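Everything below belongs to work_3.cif, which stores mmCIF, C-alpha atoms and all ligand atoms.
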data_upload
loop_
_atom_site.label_atom_id
_atom_site.label_comp_id
_atom_site.auth_asym_id
_atom_site.auth_seq_id
_atom_site.Cartn_x
_atom_site.Cartn_y
_atom_site.Cartn_z
CA MET A 11 0.00 0.00 0.00
CA LYS A 12 1.03 3.63 -0.46
CA ALA A 13 2.12 5.73 2.55
CA VAL A 14 3.67 9.17 3.06
CA ARG A 15 6.94 8.63 4.90
CA VAL A 16 9.13 10.95 6.92
CA THR A 17 12.66 9.84 6.07
CA ARG A 18 14.60 12.69 7.74
CA PHE A 19 13.74 15.24 10.43
CA GLY A 20 13.60 18.86 9.29
CA LEU A 21 10.89 20.56 7.23
CA GLU A 22 13.45 21.22 4.49
CA HIS A 23 13.40 17.47 3.77
CA PRO A 24 10.20 16.58 1.85
CA MET A 25 8.17 13.56 2.88
CA GLU A 26 8.15 10.75 0.33
CA LEU A 27 5.34 8.60 -1.06
CA GLU A 28 6.50 4.99 -0.73
CA GLU A 29 5.15 1.47 -1.06
CA VAL A 30 5.02 -0.22 2.38
CA ALA A 31 3.66 -3.49 3.76
CA GLU A 32 0.01 -3.51 4.84
CA PRO A 33 -0.25 -3.72 8.66
CA GLU A 34 -2.00 -6.67 10.32
CA PRO A 35 -4.39 -6.12 13.22
CA GLY A 36 -3.33 -7.57 16.57
CA PRO A 37 -5.64 -8.21 19.55
CA GLY A 38 -8.00 -5.28 20.11
CA GLU A 39 -7.03 -3.65 16.81
CA MET A 40 -8.79 -3.08 13.48
CA LEU A 41 -7.45 -2.69 9.97
CA VAL A 42 -9.11 0.35 8.41
CA ARG A 43 -9.12 1.42 4.75
CA ILE A 44 -8.45 5.12 5.13
CA ALA A 45 -10.81 7.42 3.20
CA ALA A 46 -9.40 10.68 4.60
CA ALA A 47 -6.61 11.79 6.94
CA GLY A 48 -6.57 14.97 9.03
CA VAL A 49 -3.50 17.21 8.92
CA ASN A 50 -2.51 18.56 12.35
CA PRO A 51 0.21 20.94 13.61
CA LEU A 52 1.46 18.05 15.78
CA GLU A 53 2.74 16.06 12.81
CA VAL A 54 4.45 19.11 11.33
CA ALA A 55 6.14 19.74 14.71
CA ILE A 56 7.27 16.11 15.05
CA ARG A 57 8.52 16.08 11.45
CA SER A 58 10.54 19.24 12.14
CA GLY A 59 12.40 17.27 14.82
CA ASN A 60 11.75 19.99 17.44
CA HIS A 61 8.81 18.32 19.21
CA PRO A 62 9.59 16.14 22.27
CA ARG A 63 7.79 13.22 20.58
CA ALA A 64 10.30 13.25 17.70
CA GLY A 65 12.71 11.42 20.00
CA ALA A 66 10.31 8.47 20.18
CA MET A 67 9.99 8.11 16.39
CA THR A 68 12.13 5.70 14.38
CA LEU A 69 12.93 6.90 10.86
CA PRO A 70 11.45 6.31 8.38
CA TYR A 71 7.89 6.49 9.70
CA THR A 72 4.44 7.09 8.20
CA CYS A 73 3.26 10.60 9.03
CA GLY A 74 -0.05 11.48 10.68
CA THR A 75 -2.54 10.22 13.23
CA ASP A 76 -6.14 11.17 12.41
CA VAL A 77 -8.22 9.05 10.05
CA ALA A 78 -11.72 8.13 8.98
CA GLY A 79 -12.55 5.14 6.84
CA GLU A 80 -14.05 1.68 6.68
CA VAL A 81 -13.16 -1.31 8.82
CA GLU A 82 -11.65 -4.03 6.64
CA ALA A 83 -10.70 -6.62 9.27
CA VAL A 84 -10.81 -6.93 13.05
CA GLY A 85 -8.26 -8.50 15.38
CA GLU A 86 -8.85 -10.95 18.20
CA GLY A 87 -11.28 -9.77 20.86
CA VAL A 88 -12.88 -6.97 18.82
CA GLU A 89 -16.65 -7.34 19.11
CA ALA A 90 -17.96 -3.78 18.91
CA PHE A 91 -17.01 -3.34 15.23
CA ALA A 92 -17.24 -5.46 12.07
CA PRO A 93 -15.93 -5.16 8.51
CA GLY A 94 -17.81 -2.45 6.63
CA ASP A 95 -18.34 -0.18 9.65
CA ARG A 96 -17.47 3.51 9.10
CA VAL A 97 -15.20 4.79 11.84
CA TRP A 98 -12.96 7.66 12.98
CA GLY A 99 -9.95 7.61 15.28
CA ARG A 100 -6.23 7.87 15.84
CA ALA A 101 -4.20 5.35 13.82
CA SER A 102 -1.20 3.88 15.59
CA THR A 103 0.49 3.11 12.27
CA GLY A 104 0.27 6.59 10.72
CA ALA A 105 -2.59 8.32 8.92
CA TYR A 106 -1.16 9.45 5.57
CA ALA A 107 -1.58 5.99 4.08
CA GLU A 108 -4.09 3.78 2.31
CA LYS A 109 -4.65 1.64 5.43
CA GLY A 110 -3.94 1.86 9.15
CA LEU A 111 -4.53 0.13 12.48
CA LEU A 112 -6.91 1.62 15.05
CA PRO A 113 -7.44 0.49 18.65
CA ALA A 114 -11.08 -0.59 18.81
CA ASP A 115 -11.72 0.76 22.31
CA SER A 116 -10.64 4.29 21.29
CA THR A 117 -12.40 4.41 17.92
CA GLY A 118 -15.64 6.24 17.18
CA ARG A 119 -18.47 5.23 14.88
CA LEU A 120 -19.10 7.69 12.05
CA PRO A 121 -22.77 8.70 11.80
CA ASP A 122 -24.43 8.34 8.36
CA SER A 123 -24.87 12.10 8.29
CA MET A 124 -21.12 12.66 8.41
CA SER A 125 -18.67 12.28 5.51
CA SER A 126 -15.30 10.56 5.87
CA ALA A 127 -13.62 13.93 5.31
CA GLU A 128 -15.52 15.32 8.29
CA GLY A 129 -14.67 12.23 10.34
CA ALA A 130 -10.94 12.67 9.70
CA ALA A 131 -11.18 16.21 11.06
CA LEU A 132 -12.34 14.95 14.46
CA PRO A 133 -9.79 12.83 16.35
CA ILE A 134 -7.09 15.15 17.73
CA PRO A 135 -9.07 18.42 17.40
CA LEU A 136 -12.32 17.26 19.00
CA LEU A 137 -10.72 15.20 21.77
CA THR A 138 -8.48 18.18 22.54
CA ALA A 139 -11.42 20.59 22.58
CA TRP A 140 -13.23 18.24 24.99
CA ASN A 141 -10.11 17.96 27.16
CA ALA A 142 -9.74 21.74 27.29
CA LEU A 143 -13.39 22.64 27.90
CA VAL A 144 -14.76 19.74 29.90
CA VAL A 145 -11.90 17.86 31.60
CA LYS A 146 -9.60 20.81 32.40
CA GLY A 147 -11.80 23.88 31.93
CA GLU A 148 -14.88 22.48 33.75
CA ALA A 149 -17.05 24.67 31.51
CA ALA A 150 -20.61 24.91 32.86
CA PRO A 151 -23.86 26.32 31.45
CA GLY A 152 -23.81 30.11 31.55
CA ASP A 153 -20.00 30.32 31.63
CA CYS A 154 -18.28 32.67 29.24
CA VAL A 155 -15.58 31.05 27.10
CA LEU A 156 -12.87 32.66 24.98
CA VAL A 157 -11.46 30.44 22.24
CA GLN A 158 -8.14 31.84 21.06
CA GLY A 159 -7.77 30.98 17.36
CA GLY A 160 -11.37 29.96 16.60
CA ALA A 161 -10.96 29.43 12.86
CA GLY A 162 -8.46 26.55 13.27
CA GLY A 163 -8.95 22.81 13.66
CA VAL A 164 -9.25 22.79 17.46
CA GLY A 165 -10.78 26.25 17.82
CA TYR A 166 -13.72 25.74 15.44
CA LEU A 167 -14.81 22.55 17.22
CA ALA A 168 -14.23 24.18 20.63
CA ILE A 169 -16.70 26.92 19.65
CA GLN A 170 -19.34 24.32 18.74
CA LEU A 171 -18.66 22.18 21.80
CA ALA A 172 -18.83 25.16 24.17
CA ARG A 173 -22.21 26.06 22.68
CA THR A 174 -23.53 22.55 23.30
CA LEU A 175 -22.41 22.93 26.94
CA GLY A 176 -24.59 26.03 27.26
CA CYS A 177 -21.74 28.56 27.33
CA ARG A 178 -21.44 31.99 25.73
CA VAL A 179 -18.52 31.82 23.28
CA PHE A 180 -16.20 34.54 22.01
CA THR A 181 -13.25 33.94 19.75
CA THR A 182 -10.20 35.66 18.31
CA VAL A 183 -9.49 35.79 14.56
CA SER A 184 -7.17 37.60 12.16
CA SER A 185 -9.57 38.54 9.34
CA LYS A 186 -13.18 39.31 8.43
CA GLU A 187 -13.40 36.00 6.51
CA LYS A 188 -12.40 34.06 9.64
CA ALA A 189 -14.76 36.18 11.76
CA ASP A 190 -17.73 35.35 9.51
CA PHE A 191 -16.73 31.67 9.56
CA CYS A 192 -16.64 31.56 13.38
CA LEU A 193 -19.93 33.45 13.74
CA ALA A 194 -21.55 30.90 11.40
CA GLY A 195 -20.01 28.15 13.56
CA GLY A 196 -21.72 29.45 16.70
CA ALA A 197 -19.52 32.16 18.22
CA GLU A 198 -21.48 35.02 19.77
CA ALA A 199 -18.78 37.57 18.94
CA THR A 200 -15.35 37.66 17.33
CA ILE A 201 -12.35 39.84 18.15
CA ASN A 202 -9.68 40.64 15.56
CA TYR A 203 -6.53 40.18 17.64
CA ARG A 204 -4.46 42.12 15.09
CA GLU A 205 -6.61 45.23 15.27
CA GLU A 206 -8.37 45.23 18.64
CA ASP A 207 -7.41 45.16 22.32
CA VAL A 208 -8.56 41.62 23.18
CA PRO A 209 -8.85 41.99 27.01
CA GLU A 210 -10.72 45.29 26.62
CA ARG A 211 -13.24 43.74 24.20
CA VAL A 212 -13.71 40.67 26.41
CA MET A 213 -14.45 42.90 29.40
CA GLU A 214 -16.99 44.85 27.31
CA LEU A 215 -18.68 41.64 26.15
CA THR A 216 -18.89 40.23 29.69
CA SER A 217 -19.87 43.50 31.43
CA GLY A 218 -16.55 43.56 33.30
CA ARG A 219 -16.77 39.98 34.61
CA GLY A 220 -14.24 38.31 32.31
CA VAL A 221 -14.42 34.75 30.98
CA GLU A 222 -14.57 31.59 33.08
CA VAL A 223 -12.62 29.53 30.53
CA VAL A 224 -9.94 30.40 27.99
CA VAL A 225 -9.08 27.75 25.39
CA GLU A 226 -5.59 28.97 24.63
CA ASN A 227 -4.29 27.61 21.32
CA ILE A 228 -1.47 30.15 21.07
CA GLY A 229 -0.11 30.24 24.62
CA CYS A 230 3.25 31.94 24.08
CA ASP A 231 1.63 34.90 22.38
CA ASN A 232 -1.42 35.28 24.58
CA LEU A 233 -0.96 33.87 28.09
CA SER A 234 0.17 37.15 29.59
CA SER A 235 -2.84 39.08 28.27
CA ASP A 236 -5.22 36.21 29.15
CA LEU A 237 -4.60 37.22 32.77
CA LYS A 238 -6.33 40.53 32.01
CA LEU A 239 -9.50 38.91 30.73
CA ASN A 240 -10.20 35.89 32.92
CA ALA A 241 -12.89 36.00 35.58
CA VAL A 242 -12.01 35.43 39.24
CA ASN A 243 -11.37 31.67 39.59
CA GLY A 244 -11.28 31.43 35.78
CA ARG A 245 -9.43 28.59 34.05
CA ILE A 246 -6.87 29.27 31.32
CA VAL A 247 -6.23 26.01 29.50
CA ILE A 248 -3.06 25.95 27.42
CA VAL A 249 -3.54 23.79 24.34
CA GLY A 250 -0.81 25.09 22.03
CA THR A 251 2.32 27.20 22.30
CA GLY A 252 1.88 29.05 19.02
CA THR A 253 4.63 29.50 16.50
CA GLY A 254 7.59 31.78 16.27
CA LYS A 255 7.96 32.93 19.85
CA GLY A 256 9.73 29.94 21.37
CA PRO A 257 8.49 27.72 24.19
CA GLU A 258 8.88 30.14 27.11
CA VAL A 259 6.59 32.88 28.34
CA THR A 260 6.59 35.49 31.11
CA ILE A 261 3.40 36.23 33.03
CA PRO A 262 2.48 38.96 35.53
CA LEU A 263 2.06 37.04 38.82
CA PRO A 264 0.11 39.80 40.62
CA ALA A 265 -2.54 39.61 37.90
CA ALA A 266 -2.72 35.83 38.29
CA MET A 267 -2.98 36.07 42.09
CA GLY A 268 -5.50 38.92 42.00
CA ARG A 269 -7.90 36.73 40.02
CA ASP A 270 -7.21 33.39 41.74
CA ALA A 271 -6.25 32.29 38.24
CA ARG A 272 -6.01 28.60 37.41
CA ILE A 273 -3.54 28.01 34.61
CA LEU A 274 -3.79 24.48 33.24
CA ALA A 275 -2.03 22.71 30.41
CA LEU A 276 -2.73 19.52 28.50
CA SER A 277 -1.27 16.95 26.17
CA SER A 278 -3.59 14.83 24.03
CA GLY A 279 -1.44 11.75 24.73
CA ASN A 280 -2.33 11.85 28.44
CA LEU A 281 -6.04 11.71 27.64
CA ASN A 282 -5.92 8.11 26.36
CA PRO A 283 -7.53 6.36 29.39
CA LEU A 284 -10.53 8.73 29.20
CA VAL A 285 -11.11 8.42 25.45
CA PRO A 286 -13.63 5.50 25.46
CA GLY A 287 -15.92 7.41 27.86
CA ILE A 288 -15.52 10.66 25.94
CA LEU A 289 -16.46 8.93 22.67
CA ARG A 290 -19.71 7.75 24.26
CA ARG A 291 -20.56 11.33 25.28
CA LEU A 292 -19.62 12.76 21.88
CA ALA A 293 -21.65 10.26 19.84
CA PRO A 294 -25.04 12.01 20.22
CA LEU A 295 -23.48 15.41 19.45
CA LEU A 296 -22.08 14.04 16.19
CA GLU A 297 -25.33 12.23 15.35
CA SER A 298 -27.40 15.38 15.82
CA GLY A 299 -25.03 17.59 13.81
CA ALA A 300 -24.34 19.85 16.83
CA ILE A 301 -20.65 19.18 16.15
CA LYS A 302 -19.73 19.42 12.47
CA PRO A 303 -16.20 20.19 11.33
CA HIS A 304 -15.42 22.27 8.27
CA ILE A 305 -12.90 21.09 5.68
CA GLY A 306 -11.20 24.18 4.31
CA ARG A 307 -8.75 22.35 2.04
CA GLU A 308 -8.56 18.77 0.80
CA LEU A 309 -5.45 17.60 -1.02
CA PRO A 310 -4.45 14.21 -2.48
CA MET A 311 -1.92 12.20 -0.48
CA GLU A 312 0.69 12.95 -3.16
CA GLN A 313 0.57 16.58 -1.97
CA ALA A 314 1.23 15.90 1.71
CA ASN A 315 4.22 18.26 1.71
CA GLU A 316 2.04 21.05 0.36
CA SER A 317 -0.59 20.34 3.03
CA HIS A 318 2.02 21.10 5.72
CA GLU A 319 2.92 24.36 3.97
CA VAL A 320 -0.74 25.40 3.83
CA LEU A 321 -1.11 24.58 7.54
CA LEU A 322 1.88 26.73 8.45
CA SER A 323 0.57 29.61 6.30
CA GLY A 324 -2.69 29.79 8.29
CA LYS A 325 -4.51 30.39 4.96
CA PHE A 326 -7.42 27.99 5.43
CA LEU A 327 -10.66 27.75 7.36
CA GLY A 328 -11.22 24.92 9.85
CA LYS A 329 -9.28 21.89 8.77
CA ILE A 330 -6.93 20.54 6.09
CA ASN A 331 -7.34 16.91 4.97
CA LEU A 332 -5.54 14.44 2.74
CA ALA A 333 -7.36 11.88 0.61
CA PRO A 334 -5.49 8.69 -0.39
N1 LIG A 401 -1.66 19.93 23.64
C1 LIG A 401 -2.20 19.10 22.75
O1 LIG A 401 -2.37 17.91 22.99
C2 LIG A 401 -2.65 19.66 21.44
C3 LIG A 401 -3.63 19.00 20.68
C4 LIG A 401 -4.06 19.60 19.48
C5 LIG A 401 -3.48 20.81 19.07
N2 LIG A 401 -2.49 21.37 19.82
C6 LIG A 401 -1.89 22.65 19.43
O2 LIG A 401 -2.92 23.63 19.50
C7 LIG A 401 -2.70 24.61 18.51
C8 LIG A 401 -3.96 24.75 17.64
O3 LIG A 401 -4.13 23.56 16.88
P1 LIG A 401 -5.03 23.60 15.58
O4 LIG A 401 -5.08 22.26 15.01
O5 LIG A 401 -6.30 24.32 15.87
O6 LIG A 401 -4.12 24.57 14.65
P2 LIG A 401 -4.58 25.41 13.38
O7 LIG A 401 -5.67 24.69 12.67
O8 LIG A 401 -3.34 25.77 12.67
O9 LIG A 401 -5.25 26.73 14.00
C9 LIG A 401 -4.55 27.70 14.71
C10 LIG A 401 -5.37 29.01 14.65
O10 LIG A 401 -4.78 29.99 15.47
C11 LIG A 401 -4.86 31.25 14.80
N3 LIG A 401 -3.86 32.15 15.38
C12 LIG A 401 -2.53 32.26 15.09
N4 LIG A 401 -1.93 33.17 15.90
C13 LIG A 401 -2.89 33.64 16.72
C14 LIG A 401 -2.89 34.57 17.81
N5 LIG A 401 -1.77 35.23 18.19
N6 LIG A 401 -4.05 34.79 18.48
C15 LIG A 401 -5.19 34.12 18.12
N7 LIG A 401 -5.24 33.23 17.10
C16 LIG A 401 -4.11 32.98 16.42
C17 LIG A 401 -4.67 30.87 13.34
O11 LIG A 401 -5.26 31.76 12.42
P3 LIG A 401 -4.63 33.19 12.06
O12 LIG A 401 -3.13 32.98 11.89
O13 LIG A 401 -5.29 33.63 10.83
O14 LIG A 401 -4.95 34.03 13.22
C18 LIG A 401 -5.44 29.57 13.24
O15 LIG A 401 -6.79 29.77 12.93
C19 LIG A 401 -1.45 24.18 17.74
O16 LIG A 401 -0.33 24.83 18.32
C20 LIG A 401 -1.36 22.69 18.02
O17 LIG A 401 -0.05 22.20 17.93
C21 LIG A 401 -2.07 20.82 20.99
#
Let me see the structure of the file written as structure tokens.
Amino acid sequence: MKAVRVTRFGLEHPMELEEVAEPEPGPGEMLVRIAAAGVNPLEVAIRSGNHPRAGAMTLPYTCGTDVAGEVEAVGEGVEAFAPGDRVWGRASTGAYAEKGLLPADSTGRLPDSMSSAEGAALPIPLLTAWNALVVKGEAAPGDCVLVQGGAGGVGYLAIQLARTLGCRVFTTVSSKEKADFCLAGGAEATINYREEDVPERVMELTSGRGVEVVVENIGCDNLSSDLKLNAVNGRIVIVGTGTGKGPEVTIPLPAAMGRDARILALSSGNLNPLVPGILRRLAPLLESGAIKPHIGRELPMEQANESHEVLLSGKFLGKINLAP
């Protein structure tokens, strides 16, 4: 089967489309024919060699994690799924390929109303949005939520998820096009972070109260100013560092103390034990269409290198996918 392989670390080294052996499902695993793969910043970061997880990868490896497709075969002990089922999940063997292995207990069923392209946009982004809002952020009905970077893969689903939790949702964007996109996705108001004072606007929107939860996708750029817009006892959940500013950040401690701020961070890898339960709670939201990702760009697998360039450019709405 065909797979997109990372043969050297460093974004200057293009990934290569190679012929590799088809994987065989072990106990608890399923072989899935991949119909679409999601492109995430994580795989670009690992491929660059600068992400901590790069150290755990053996070159060459098949790039990617997120897939949707059809079950082709099940391994020993798998009873919940059968060949022909449409599924979404995180492939342990890499996503930019014609086939991959998924662990059955952490795989979701794709509703009939959802395309494979939409399914591939779910795994890392939606599980991360759930982690940020529900597990770490403890978002409750009536809470105000600020999603930093609402037009991206995680942010767009975080807007929708926060709405289903009964929250008021505001989000930051860089353009009118992204603002319109986020408003259509369920945000109550958008703030152009390039042109407006974000804390000032948040305070206006919340009548001086601030937000209970910040989903912070660009932590290095925004954490310091988040401490001017969180409510007393508010939770700032750091999802991403952002690009270009390095991994470190300085914050004003008096502001944090004055608001009893709770600054939390997460890594999607640590969520694994909770995933089966989260999938059960997400299923009705996907069935009903309350959560529906948007595919801004879809490229063939042969253009995997270009998909990483588009991701880094920020010139897309929602999600970028690859189709084998
Ligand atoms: N911790 C984890 O387990 C985990 C899991 C998933 C994702 N992540 C990380 O979370 C981040 C978001 O992931 P993603 O898939 O949503 O990425 P994405 O699709 O690239 O979206 C990022 C969004 O942030 C916006 N943005 C950039 N700079 C901004 C700023 N200063 N203020 C507000 N918005 C800004 C971008 O649009 P504009 O440039 O047009 O503003 C873009 O819409 C990435 O850093 C990713 O690595 C971490």
Proximity check chain A to ligand LIG 401 (chain A), 7 Å, nearest pairs one decimal Å, all atoms listed in the file, as a Markdown table:
| residue | atom | partner | partner_atom | distance |
| --- | --- | --- | --- | --- |
| A:Asn50 | CA | A:LIG401 | O4 | 5.2 |
| A:Pro51 | CA | A:LIG401 | O17 | 4.5 |
| A:Leu52 | CA | A:LIG401 | O17 | 4.9 |
| A:Ile134 | CA | A:LIG401 | C4 | 5.7 |
| A:Pro135 | CA | A:LIG401 | C4 | 5.6 |
| A:Thr138 | CA | A:LIG401 | C3 | 5.3 |
| A:Gln158 | CA | A:LIG401 | C15 | 4.7 |
| A:Gly159 | CA | A:LIG401 | N7 | 3.4 |
| A:Gly160 | CA | A:LIG401 | O15 | 5.9 |
| A:Ala161 | CA | A:LIG401 | O15 | 4.2 |
| A:Gly162 | CA | A:LIG401 | O9 | 3.3 |
| A:Gly163 | CA | A:LIG401 | O5 | 3.8 |
| A:Val164 | CA | A:LIG401 | O5 | 3.7 |
| A:Gly165 | CA | A:LIG401 | O5 | 5.3 |
| A:Thr182 | CA | A:LIG401 | C15 | 5.2 |
| A:Val183 | CA | A:LIG401 | O14 | 5.1 |
| A:Ser184 | CA | A:LIG401 | O14 | 4.3 |
| A:Ser185 | CA | A:LIG401 | O13 | 6.7 |
| A:Tyr203 | CA | A:LIG401 | N6 | 6.0 |
| A:Asn227 | CA | A:LIG401 | C7 | 4.4 |
| A:Ile228 | CA | A:LIG401 | C14 | 5.7 |
| A:Asp231 | CA | A:LIG401 | N5 | 5.4 |
| A:Asn232 | CA | A:LIG401 | N5 | 6.4 |
| A:Val249 | CA | A:LIG401 | N1 | 4.4 |
| A:Gly250 | CA | A:LIG401 | O2 | 3.6 |
| A:Thr251 | CA | A:LIG401 | O16 | 5.3 |
| A:Gly252 | CA | A:LIG401 | O16 | 4.8 |
| A:Leu276 | CA | A:LIG401 | N1 | 5.0 |
| A:Ser277 | CA | A:LIG401 | O1 | 3.5 |
| A:Ser278 | CA | A:LIG401 | O1 | 3.5 |
| A:Gly279 | CA | A:LIG401 | O1 | 6.5 |
| A:Leu321 | CA | A:LIG401 | O8 | 5.7 |
| A:Leu322 | CA | A:LIG401 | O8 | 6.8 |
| A:Gly324 | CA | A:LIG401 | O12 | 4.8 |
| A:Lys325 | CA | A:LIG401 | O13 | 6.8 |
| A:Gly328 | CA | A:LIG401 | O7 | 6.2 |
| A:Lys329 | CA | A:LIG401 | O7 | 6.0 |
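Remark: for A:Ala130, the closest of the candidate residues A:Glu319, A:Asp115, A:Asp76, A:Asp270 is A:Asp76 (distances computed over only C-alpha atoms).
Computed from the coordinates, the atom CA of A:Ala333 to atom CA of A:Pro310 distance equals 4.8 Å.
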Nearest residue to A:Pro35 from the set A:Gly110, A:Pro303, A:Gly48, A:Pro286 (distances using all atoms listed in the file): A:Gly110
Contacts of stretch 15-17 of chain A within 12 Å, only C-alpha atoms, excl. fewer than 5 positions in-chain, as an NGL selection string: :A and (22-30 or 53-54 or 56-59 or 64 or 67-74 or 103-107 or 311-312 or 314-315)
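Counting from atom CA of A:Leu111, the distance to atom CA of A:Ser126 is 16.4 Å.
Between A:Asn60 and the residues A:Leu215, A:Pro257, A:Val84, A:Glu198, the shortest atom-to-atom distance, using all atoms listed in the file, involves A:Pro257.
Coordinates place atom CA of A:Gly85 at a distance of 9.6 Å from atom CA of A:Pro113.
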Sel. within 10 Å of pt (-16.2, 8.0, 7.7), counting only C-alpha atoms, output as a PyMOL selection string: chain A and resi 44-46+77-81+95-99+118-130
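Proximity ranking of A:Gly195, A:Pro62, A:Gly256, A:Pro283 relative to A:Leu171 places A:Gly195 first, based on all atoms listed in the file.
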Would you list the contacts of A:Cys154 as a compact mmCIF listing (two decimals) with C-alpha atoms, in the coordinates of the input, taking every protein, DNA or RNA residue within 9 Å and counting all atoms listed in the file, but skipping same-chain residues closer than 5 positions in sequence?
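Result saved to out.txt:
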# COMPACT_ATOMS: atom_id res chain seq x y z
CA ALA A 149 -17.05 24.67 31.51
CA CYS A 177 -21.74 28.56 27.33
CA ARG A 178 -21.44 31.99 25.73
CA VAL A 179 -18.52 31.82 23.28
CA PHE A 180 -16.20 34.54 22.01
CA THR A 216 -18.89 40.23 29.69
CA GLY A 220 -14.24 38.31 32.31
CA VAL A 221 -14.42 34.75 30.98
CA GLU A 222 -14.57 31.59 33.08
CA VAL A 223 -12.62 29.53 30.53
CA VAL A 224 -9.94 30.40 27.99
CA ALA A 241 -12.89 36.00 35.58
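For A:Arg173, the list of residues within 12 Å, based on all atoms listed in the file and with local chain neighbours fewer than 3 positions off taken out, reads A:Leu143, A:Ala149, A:Ala150, A:Pro151, A:Gly152, A:Asp153, A:Cys154, A:Val155, A:Leu156, A:Val157, A:Tyr166, A:Leu167, A:Ala168, A:Ile169, A:Gln170, A:Gly176, A:Cys177, A:Arg178, A:Val179, A:Phe180, A:Leu193, A:Gly195, A:Gly196, A:Ala197, A:Glu198, A:Leu295, A:Ala300, A:Ile301.
Using all atoms listed in the file, the shortest contact distance between A:Glu214 and any of A:Ala199, A:Val320, A:Ile248, A:Ala131 is found at A:Ala199.
Shortest atom-to-atom contact with A:Pro334 among A:Ser317, A:Arg272, A:Val14, A:Ser234: A:Val14, counting only C-alpha atoms.
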